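These notes concern the structure reproduced below.
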Amino acid sequence: MAKASADEVVVRATGLTKVFRRAAKPPGFAGALRHLVRPRWDDVLAVDEVDLEIRRGESVAYVGPNGAGKSTTVKLLTGIVVPTAGMVTVCGLDPFTDRVRNARNIGVMFGQRTQLWWDIAVQETLRLLADIYQLPPERFRRILDDLVDALDLAPLLGVPARQLSLGQRVRCDLAATLLHEPEVLYLDEPTIGLDVSVKARFREFVRRLHDERDLTVLLTSHDLGDIAHLCRRLIMIDDGRIVYDGSLTEISKRFGWEKSVHVALSRSEPSASTIAASMFAERARAVTQDSETELVVTIDSREVLPGEVIRDLAAALPVADVRIEEAGIESIMRRLYEGSLRFDGEPTR
C-alpha cells in the first residue's frame, strides 16, 4: 500500500461510539442463579461519538482520567474492538474488517501487556515476528541492530521473557512493536516501570523515528514527561467525549493564570498563614504555611497581581525573600483531571 502524503489524514474517526454490556446481577449464589434464569444487563458508554483526525507525521497525546475511554479508543483504532456506531479508518482501511492488512501498517504497545512469548528468549520472539511480517533477513538484521543499540537490548536478547524485569520487558516490547517499521504507532502507557535513564532513551528514540520517518504517533500516558517530550498536540477525553483538541502551549496559555507567591520570613511567625488568609480572603485561591518561616499564597493573576500580594505581605510580615512560581503543564493537567479546572467555564473552588 502506498504511503500517505504529508498532509493526508491517516487516522480518521467520525461519530465513533462504543457501548459495552455489563451483567447486572445481585451478589451471592442466589443472585448468580437469578441472573442465569433471567439475565439483566447494563449498558456502559465507553466512547461517545468521538470525531478524530490525525495527519501523517503528527505526534498526538491522547489523555484523560482513568476510565475516560483512552484505551478503548486505541482498541477501536487497532481493530481489537468493533465500534457500536460510527466509522473509523487507519491508512484508508477499516481496522476491524481489514485486520491483517491493518496490522502491517500499525504498531501497538500496551504498557501493561506483553507480546513476547513467555518461555523463549527475546531474540527468538523477534525472529518469529520477523517471519510473521515476512521481513527479508537483511532488513530484519538492520532494524534489529538499530533497536538493540537504541534500547540497550544486547544483554536481554538471550533471556526468556518470564525472567525479565518490568522495565526490561517494556523495552523488549517496544522493539517487538517497531520491528516491522509501522506507519502508525500507538503507545498506551509505554514507559510504565522504566527508570529515568531508560525513559530518556525511549523518548529520544521515538522522537528520532518521528523526525526521520514521519512516523505518526498516538500516545496515551499519565507521565507528563512523555507528553511534553513527544507531543505537540493534545487531545483530552473525559466520560468518553473529547473536551479539548489543541496544542500543549495553548493549554498553558489558557490555564497558566495561576501563580504562587513563595515567601521566606526573616523570623518565625506561626500565625503567618492566618494573617495572610485574612488579608487575601477575597483575592487568594489558597494560603498555605509549609513551616513557621515559609508561606505560599496562590492567586489568580487575572484578579490580583503578584506585586500587590508581595507589597501587602511585606507591610504585615517580616519578609526576607520572595519567589513567584507559575503553573506548569503538570499542575494544570492534574487539576483538569481532578475537575478543579474546566474547559467550559471558570475554575471550581
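By order in the C-alpha cells, chains are A, B, ...; within a chain, residues start at 1; ligands start at 1, following the order shown.
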
List every residue of range 20-268 of chain A that DSSP, applied to the backbone of this structure, assigns to strand (DSSP E or B), and report them as an MDAnalysis selection string. chainID A and resid 20:23 41:55 59:63 85:90 93 106:110 121 160 184:188 216:220 233:238 241:247 258:265

Give me the residues within 9 Å of range 182-198 of chain A as a PyMOL selection string, counting only C-alpha atoms and dropping any in the same chain fewer than 3 places off. chain A and resi 3+10-11+56-57+70-71+74+78+90-91+103-112+151-152+165-168+170-171+174+177-179+201-203+213-223+226

Could you go through range 164-311 of chain A and tell me which residues DSSP, when run on the backbone, assigns to helix (DSSP H, G or I), listing them as a PyMOL selection string? chain A and resi 166-178+196-213+224-230+248-255+272-279+306-311

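Neighbours of Pro270 in chain A closer than or equal to 9 Å, with only C-alpha atoms counted and sequence neighbours fewer than 3 positions away skipped, come out as Ser273, Thr274, Gln289, Ser291, Glu292 and Thr293 of chain A.
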
Restricted to N, CA and C atoms, what would the selected residues look like written as a PDB file, in the first residue's frame?
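Ended up saving to result28.pdb:
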ATOM      1  N   SER A 273       0.107  32.295  58.253  1.00  0.00           N
ATOM      2  CA  SER A 273      -0.942  31.883  57.310  1.00  0.00           C
ATOM      3  C   SER A 273      -2.294  32.481  57.692  1.00  0.00           C
ATOM      4  N   THR A 274      -2.551  32.605  58.992  1.00  0.00           N
ATOM      5  CA  THR A 274      -3.807  33.209  59.447  1.00  0.00           C
ATOM      6  C   THR A 274      -3.858  34.685  59.059  1.00  0.00           C
ATOM      7  N   GLN A 289       1.051  27.320  54.784  1.00  0.00           N
ATOM      8  CA  GLN A 289       2.281  27.619  55.518  1.00  0.00           C
ATOM      9  C   GLN A 289       3.051  26.313  55.683  1.00  0.00           C
ATOM     10  N   SER A 291       6.158  25.963  56.848  1.00  0.00           N
ATOM     11  CA  SER A 291       6.861  25.977  58.137  1.00  0.00           C
ATOM     12  C   SER A 291       6.615  27.342  58.780  1.00  0.00           C
ATOM     13  N   GLU A 292       7.201  27.573  59.925  1.00  0.00           N
ATOM     14  CA  GLU A 292       6.980  28.847  60.615  1.00  0.00           C
ATOM     15  C   GLU A 292       7.661  30.015  59.905  1.00  0.00           C
ATOM     16  N   THR A 293       8.508  29.688  58.912  1.00  0.00           N
ATOM     17  CA  THR A 293       9.189  30.771  58.179  1.00  0.00           C
ATOM     18  C   THR A 293       8.918  30.704  56.671  1.00  0.00           C
TER      19      THR A 293
END

Please report, as JSON lines, each residue of range 11-93 of chain A lying at most 12 Å from range 321-335 of chain A, together with the nearest pair of atoms and the separation in Å rounded to one decimal; use only C-alpha atoms, and order rows by chain and ascending residue number.
{"residue": "A:Val63", "atom": "CA", "partner": "A:Met333", "partner_atom": "CA", "distance": 9.3}
{"residue": "A:Gly64", "atom": "CA", "partner": "A:Met333", "partner_atom": "CA", "distance": 8.9}
{"residue": "A:Pro65", "atom": "CA", "partner": "A:Arg334", "partner_atom": "CA", "distance": 9.3}

Could you tell me which of A:Ser278, A:Thr97, A:Thr288, A:Thr298 comes closest to Val261 in chain A if we count only C-alpha atoms? A:Thr298

Contacts of Gln163 in chain A at 10 Å (only C-alpha atoms; same-chain gap of 6+ positions) as a ChimeraX atom specification: /A:118-121,156,169

Would you list the contacts of Val50 in chain A as a VMD selection string, taking every protein, DNA or RNA residue within 8 Å and counting only C-alpha atoms, but skipping same-chain residues closer than 6 positions in sequence? chain A and resid 13 to 17 240 to 242

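Considering the residues A:Ser247, A:Ser252, A:Asn102, A:Ser268 and counting only C-alpha atoms, Ile80 in chain A has its shortest atom-to-atom contact with A:Asn102.
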